[in-house]
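Novice: Here you go, model_1.tsv (TSV, C-alpha atoms):
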```
chain	number	residue	atom	x	y	z
A	188	MET	CA	22.69	19.39	52.76
A	189	LYS	CA	22.77	17.70	56.16
A	190	ARG	CA	22.41	19.54	59.47
A	191	LEU	CA	25.25	20.09	61.87
A	192	PRO	CA	24.85	17.73	64.88
A	193	ILE	CA	24.38	20.11	67.80
A	194	LEU	CA	24.90	17.84	70.84
A	195	PRO	CA	28.17	16.19	69.68
A	196	THR	CA	29.51	19.57	68.53
A	197	LEU	CA	28.65	21.14	71.88
A	198	LEU	CA	30.30	18.27	73.81
A	199	VAL	CA	33.47	18.50	71.71
A	200	LEU	CA	33.65	22.27	72.18
A	201	ILE	CA	33.22	21.92	75.96
A	202	ALA	CA	35.93	19.23	76.09
A	203	VAL	CA	38.29	21.36	74.01
A	204	GLY	CA	37.57	24.38	76.22
A	205	VAL	CA	38.40	22.34	79.33
A	206	MET	CA	41.67	21.14	77.78
A	207	ILE	CA	42.68	24.67	76.82
A	208	ARG	CA	41.87	25.91	80.33
A	209	LEU	CA	44.02	23.10	81.78
A	210	GLY	CA	46.85	24.19	79.51
A	211	PHE	CA	46.64	27.78	80.77
A	212	TRP	CA	46.41	26.51	84.36
A	213	GLN	CA	49.69	24.63	83.85
A	214	ILE	CA	51.31	27.84	82.61
A	215	GLU	CA	50.08	29.60	85.78
A	216	ARG	CA	51.58	26.78	87.87
A	217	LEU	CA	54.85	27.17	85.95
A	218	HIS	CA	55.10	30.82	86.96
A	219	GLU	CA	54.14	30.04	90.58
A	220	LYS	CA	56.77	27.30	90.78
A	221	GLU	CA	59.48	29.52	89.28
A	222	ALA	CA	58.68	32.25	91.82
A	223	MET	CA	58.78	29.68	94.65
A	224	MET	CA	62.17	28.36	93.49
A	225	ALA	CA	63.52	31.91	93.31
A	226	ARG	CA	62.36	32.52	96.91
A	227	TYR	CA	64.01	29.27	98.02
A	228	ALA	CA	67.25	30.16	96.24
A	229	SER	CA	67.32	33.59	97.88
A	230	ALA	CA	66.57	32.06	101.30
A	231	GLN	CA	69.62	29.82	100.86
A	232	GLY	CA	71.88	32.79	100.11
A	233	ASP	CA	74.85	33.69	102.29
A	234	ARG	CA	72.97	36.11	104.51
A	235	GLY	CA	73.88	34.44	107.76
A	236	VAL	CA	71.78	32.11	109.86
A	237	HIS	CA	68.25	33.10	110.75
A	238	ARG	CA	66.86	32.59	114.22
A	239	TRP	CA	63.53	30.83	114.40
A	240	PRO	CA	61.00	31.84	115.48
A	241	ASP	CA	61.96	35.47	115.27
A	242	SER	CA	58.55	36.58	114.03
A	243	ASP	CA	54.94	35.45	113.99
A	244	ARG	CA	55.09	33.91	110.54
A	245	GLU	CA	56.23	30.45	109.50
A	246	PRO	CA	59.80	30.38	108.16
A	247	LEU	CA	60.20	30.09	104.41
A	248	GLY	CA	61.12	26.64	103.13
A	249	TYR	CA	64.84	25.99	102.63
A	250	THR	CA	65.69	28.82	105.04
A	251	ARG	CA	68.94	28.55	106.96
A	252	LEU	CA	68.20	28.68	110.65
A	253	GLN	CA	69.48	27.96	114.11
A	254	LEU	CA	67.39	26.54	116.93
A	255	GLU	CA	67.85	25.27	120.47
A	256	CYS	CA	66.59	21.71	120.85
A	257	VAL	CA	65.59	20.73	124.35
A	258	LYS	CA	63.91	17.57	125.61
A	259	PRO	CA	65.04	15.28	122.75
A	260	SER	CA	63.07	12.05	122.60
A	261	GLY	CA	65.69	9.90	120.90
A	262	THR	CA	66.39	9.15	117.27
A	263	LEU	CA	64.34	7.12	114.86
A	264	PRO	CA	66.00	5.86	111.65
A	265	GLN	CA	63.81	6.46	108.60
A	266	ALA	CA	64.53	4.73	105.29
A	267	GLY	CA	64.69	6.90	102.21
A	268	ARG	CA	67.02	8.82	99.93
A	269	ASN	CA	69.21	11.72	100.90
A	270	ALA	CA	69.43	14.94	98.92
A	271	ALA	CA	72.21	13.44	96.78
A	272	GLY	CA	69.89	10.56	95.80
A	273	ARG	CA	71.63	7.79	97.78
A	274	SER	CA	69.41	5.33	99.60
A	275	GLY	CA	69.99	4.73	103.29
A	276	TRP	CA	68.69	5.79	106.68
A	277	ALA	CA	68.05	9.31	107.91
A	278	GLN	CA	68.64	9.62	111.65
A	279	VAL	CA	65.72	11.78	112.77
A	280	ALA	CA	65.44	13.14	116.32
A	281	SER	CA	62.36	14.74	117.79
A	282	CYS	CA	62.75	17.59	120.22
A	283	GLN	CA	61.18	20.76	121.51
A	284	THR	CA	62.45	24.28	120.93
A	285	LEU	CA	62.85	26.78	123.75
A	286	ASP	CA	59.45	28.29	122.99
A	287	GLY	CA	57.72	24.87	123.07
A	288	ALA	CA	57.41	24.26	119.31
A	289	LYS	CA	57.96	20.69	118.12
A	290	ALA	CA	60.85	20.06	115.76
A	291	ARG	CA	62.25	17.05	113.95
A	292	VAL	CA	65.95	17.21	113.14
A	293	VAL	CA	67.75	15.05	110.58
A	294	LEU	CA	71.04	14.56	112.41
A	295	GLY	CA	72.75	12.81	109.52
A	296	TRP	CA	72.68	9.88	107.16
A	297	SER	CA	73.86	6.28	107.50
A	298	ASP	CA	74.00	3.19	105.32
A	299	ARG	CA	72.18	1.08	107.92
A	300	PRO	CA	69.72	1.81	110.72
A	301	VAL	CA	71.59	2.76	113.87
A	302	SER	CA	70.32	4.19	117.13
A	303	LEU	CA	72.00	7.29	118.45
A	304	SER	CA	71.84	8.98	121.79
A	305	TRP	CA	71.47	12.71	121.40
A	306	THR	CA	71.06	15.08	124.30
A	307	GLY	CA	69.92	18.04	122.24
A	308	GLY	CA	71.52	21.46	121.94
A	309	THR	CA	71.99	24.11	119.28
A	310	VAL	CA	71.26	22.94	115.75
A	311	THR	CA	72.24	24.85	112.63
A	312	GLY	CA	70.68	23.64	109.42
A	313	THR	CA	68.11	24.09	106.68
A	314	TYR	CA	64.38	24.23	107.34
A	315	LEU	CA	62.19	22.18	105.03
A	316	PRO	CA	58.40	22.55	104.80
A	317	ARG	CA	56.99	19.16	105.82
A	318	GLY	CA	53.48	19.20	107.24
A	319	GLU	CA	53.13	19.66	110.96
A	320	GLY	CA	56.00	21.04	113.00
A	321	MET	CA	59.46	21.63	111.59
A	322	LEU	CA	61.90	19.41	109.74
A	323	VAL	CA	65.48	20.65	109.90
A	324	ILE	CA	68.41	19.11	108.04
A	325	ALA	CA	71.29	19.65	110.45
A	326	ASP	CA	74.77	20.49	109.29
A	327	PRO	CA	77.37	19.54	110.11
A	328	PRO	CA	75.99	16.12	111.04
A	329	LEU	CA	76.72	14.36	114.31
A	330	ALA	CA	80.04	12.51	114.51
A	331	GLY	CA	80.01	9.19	112.69
A	332	LEU	CA	77.22	10.15	110.30
A	333	GLN	CA	77.48	11.27	106.72
A	334	PRO	CA	76.17	14.68	105.70
A	335	ASN	CA	72.77	14.78	104.09
A	336	ALA	CA	73.63	17.20	101.30
A	337	ARG	CA	71.95	20.59	101.57
A	338	PRO	CA	68.61	20.56	99.72
A	339	ASP	CA	68.75	22.12	96.28
A	340	PRO	CA	65.71	24.17	95.21
A	341	HIS	CA	66.43	23.19	91.61
A	342	ASP	CA	65.54	19.58	92.51
A	343	ILE	CA	61.88	20.66	92.64
A	344	PRO	CA	60.16	19.18	89.57
A	345	ASN	CA	58.89	21.85	87.21
A	346	ASN	CA	57.44	20.16	84.10
A	347	HIS	CA	54.47	22.48	83.79
A	348	PHE	CA	55.45	23.86	80.37
A	349	ALA	CA	55.47	20.33	78.92
A	350	TYR	CA	52.10	19.63	80.57
A	351	ALA	CA	50.65	22.82	79.05
A	352	VAL	CA	51.88	21.86	75.58
A	353	GLN	CA	50.31	18.40	76.00
A	354	TRP	CA	46.92	19.87	76.91
A	355	PHE	CA	47.02	22.25	73.94
A	356	LEU	CA	47.97	19.36	71.65
A	357	PHE	CA	45.13	17.22	73.02
A	358	ALA	CA	42.70	20.05	72.29
A	359	GLY	CA	44.07	20.45	68.75
A	360	VAL	CA	43.92	16.72	68.04
A	361	ALA	CA	40.34	16.54	69.35
A	362	LEU	CA	39.31	19.39	67.04
A	363	VAL	CA	41.02	17.83	64.01
A	364	ILE	CA	39.48	14.39	64.62
A	365	TYR	CA	36.03	15.86	65.16
A	366	GLY	CA	36.42	18.08	62.09
A	367	LEU	CA	37.33	15.07	59.92
A	368	ALA	CA	34.40	13.05	61.27
A	369	LEU	CA	32.03	15.98	60.78
A	370	ARG	CA	33.27	16.54	57.22
A	371	LYS	CA	32.73	12.88	56.38
A	372	ARG	CA	29.24	12.94	57.87
A	373	LEU	CA	28.19	16.14	56.11
A	374	ARG	CA	29.48	14.93	52.75
A	375	GLY	CA	27.76	11.59	53.17
```
Can I see the file as structure tokens?

Specialist:
Amino acid sequence: MKRLPILPTLLVLIAVGVMIRLGFWQIERLHEKEAMMARYASAQGDRGVHRWPDSDREPLGYTRLQLECVKPSGTLPQAGRNAAGRSGWAQVASCQTLDGAKARVVLGWSDRPVSLSWTGGTVTGTYLPRGEGMLVIADPPLAGLQPNARPDPHDIPNNHFAYAVQWFLFAGVALVIYGLALRKRLRG
């Protein structure tokens, strides 16, 4: 009877262990993402408009808010897709809030790049988490611009269950292939 090859067996078991751990990590991410989407959906509820900043903490993403924009620095058209998936140009204005925080406001959506003059003022919209500062999708949009549909938390990709199944399948396939190779080797 032939001996069991220790090094290849150990390497296969480590690889399978890593794949199984990645599968469980994807399940953890699935639960985190579902909790995040539930928070976003509750923040979008009809509870009125939140003032920002009304506390020391950062506002939750997709929160409805109202802010006073002062010192606007003009608009800059940015190519992309709106929340409805249409390509075009977002008209983004930079400004400062009353407390000195920097904010970027999407004033609306157009089919071509246009320059707008905006003197600032009260903006009601939806806060989106985007790196430094704030990004607010204003609604209703400025006159002459199309609305950039309110962001939908359900647009957040959440394929983590499928990823977990893939990792578990990879681990199973690796074990079956190694088992067949080991059986052939041990039988001669």

Novice: In Å, rounded to a single decimal, give me how far CA of Leu252 in chain A is from CA of Trp296 in chain A.

Specialist: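 Between these atoms lies a distance of 19.6 Å.
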
Novice: When you count only C-alpha atoms, which of these residues is closest to Leu315 in chain A: A:Gly267, A:Leu191, A:Gly210, A:Val293?

Specialist: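 Of A:Gly267, A:Leu191, A:Gly210, A:Val293, the one nearest Leu315 in chain A is A:Val293, counting only C-alpha atoms.
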
Novice: Choose the residue, out of A:Pro344, A:Gly275, A:Gly287, A:Gly261, that has the smallest atom-to-atom separation from Met223 in chain A; count all atoms listed in the file.

Specialist: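 Of the candidates, the smallest distance to Met223 in chain A is held by A:Pro344.
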
Novice: If we count only C-alpha atoms, what is near Leu263 in chain A at a cut-off of 7 Å, once residues fewer than 5 positions away on the same chain are taken out, given as a list in words?

Specialist: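 The contact residues come out as Gln278, Val279 and Ala280 of chain A.
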
Novice: Based on the selection just made, write C-alpha atoms of those residues as an mmCIF file, in the frame of the given file.

Specialist:
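Heads up, here's the output in out_37.cif:
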```
data_model
loop_
_atom_site.group_PDB
_atom_site.id
_atom_site.type_symbol
_atom_site.label_atom_id
_atom_site.label_comp_id
_atom_site.auth_asym_id
_atom_site.auth_seq_id
_atom_site.Cartn_x
_atom_site.Cartn_y
_atom_site.Cartn_z
ATOM 1 C CA GLN A 278 68.640 9.620 111.650
ATOM 2 C CA VAL A 279 65.720 11.780 112.770
ATOM 3 C CA ALA A 280 65.440 13.140 116.320
#
```

Novice: One number please: CA of Val310 in chain A to CA of Tyr227 in chain A, in Å, one decimal.

Specialist: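 Distance between the two atoms: 20.2 Å.
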
Novice: How many Å separate CA of Leu329 in chain A from CA of Ala266 in chain A?

Specialist: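 That distance, rounded to one decimal, is 18.0 Å.
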
Novice: Out of A:Leu373, A:Val292, A:Ile343, A:Leu367, which residue has the shortest atom-to-atom distance to Tyr314 in chain A when counting all atoms listed in the file?

Specialist: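 Of A:Leu373, A:Val292, A:Ile343, A:Leu367, the one nearest Tyr314 in chain A is A:Val292, counting all atoms listed in the file.
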
Novice: Find the residues around range 305-307 of chain A up to 6 Å (only C-alpha atoms counted), leave out those fewer than 6 positions away in its own chain, and share them as a PyMOL selection string.

Specialist: chain A and resi 256-257+259

Novice: Counting all atoms listed in the file, find the residues whose atoms lie at most 12 Å from (64.2, 27.0, 128.2) (file coordinates) and write them out as a list of chain:residue names.

Specialist: A:Leu254, A:Glu255, A:Cys256, A:Val257, A:Lys258, A:Gln283, A:Thr284, A:Leu285, A:Asp286, A:Gly287, A:Ala288, A:Gly308

Novice: For Gln333 in chain A, which residue among A:Asn346, A:Thr196, A:Gln353, A:Asn269 is the nearest when counting only C-alpha atoms?

Specialist: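 So, comparing all the options, the nearest one is A:Asn269.
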
Novice: Report as number ranges by chain all protein, DNA and RNA residues lying within 10 Å of Leu332 in chain A, evaluated on only C-alpha atoms, omitting residues in the same chain fewer than 3 positions from it.

Specialist: A: 277-278, 294-298, 301, 327-329, 335

Novice: Which of these residues is nearest to Thr311 in chain A, using all atoms listed in the file: A:Val352, A:Phe357, A:Gly366, A:Thr250?

Specialist: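 Among the listed residues, the smallest separation from Thr311 in chain A belongs to A:Thr250.
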
Novice: Measuring between only C-alpha atoms, which one of A:Lys289, A:Pro334, A:Ile324, A:Arg226 shows the shortest distance to Arg273 in chain A?

Specialist: A:Pro334
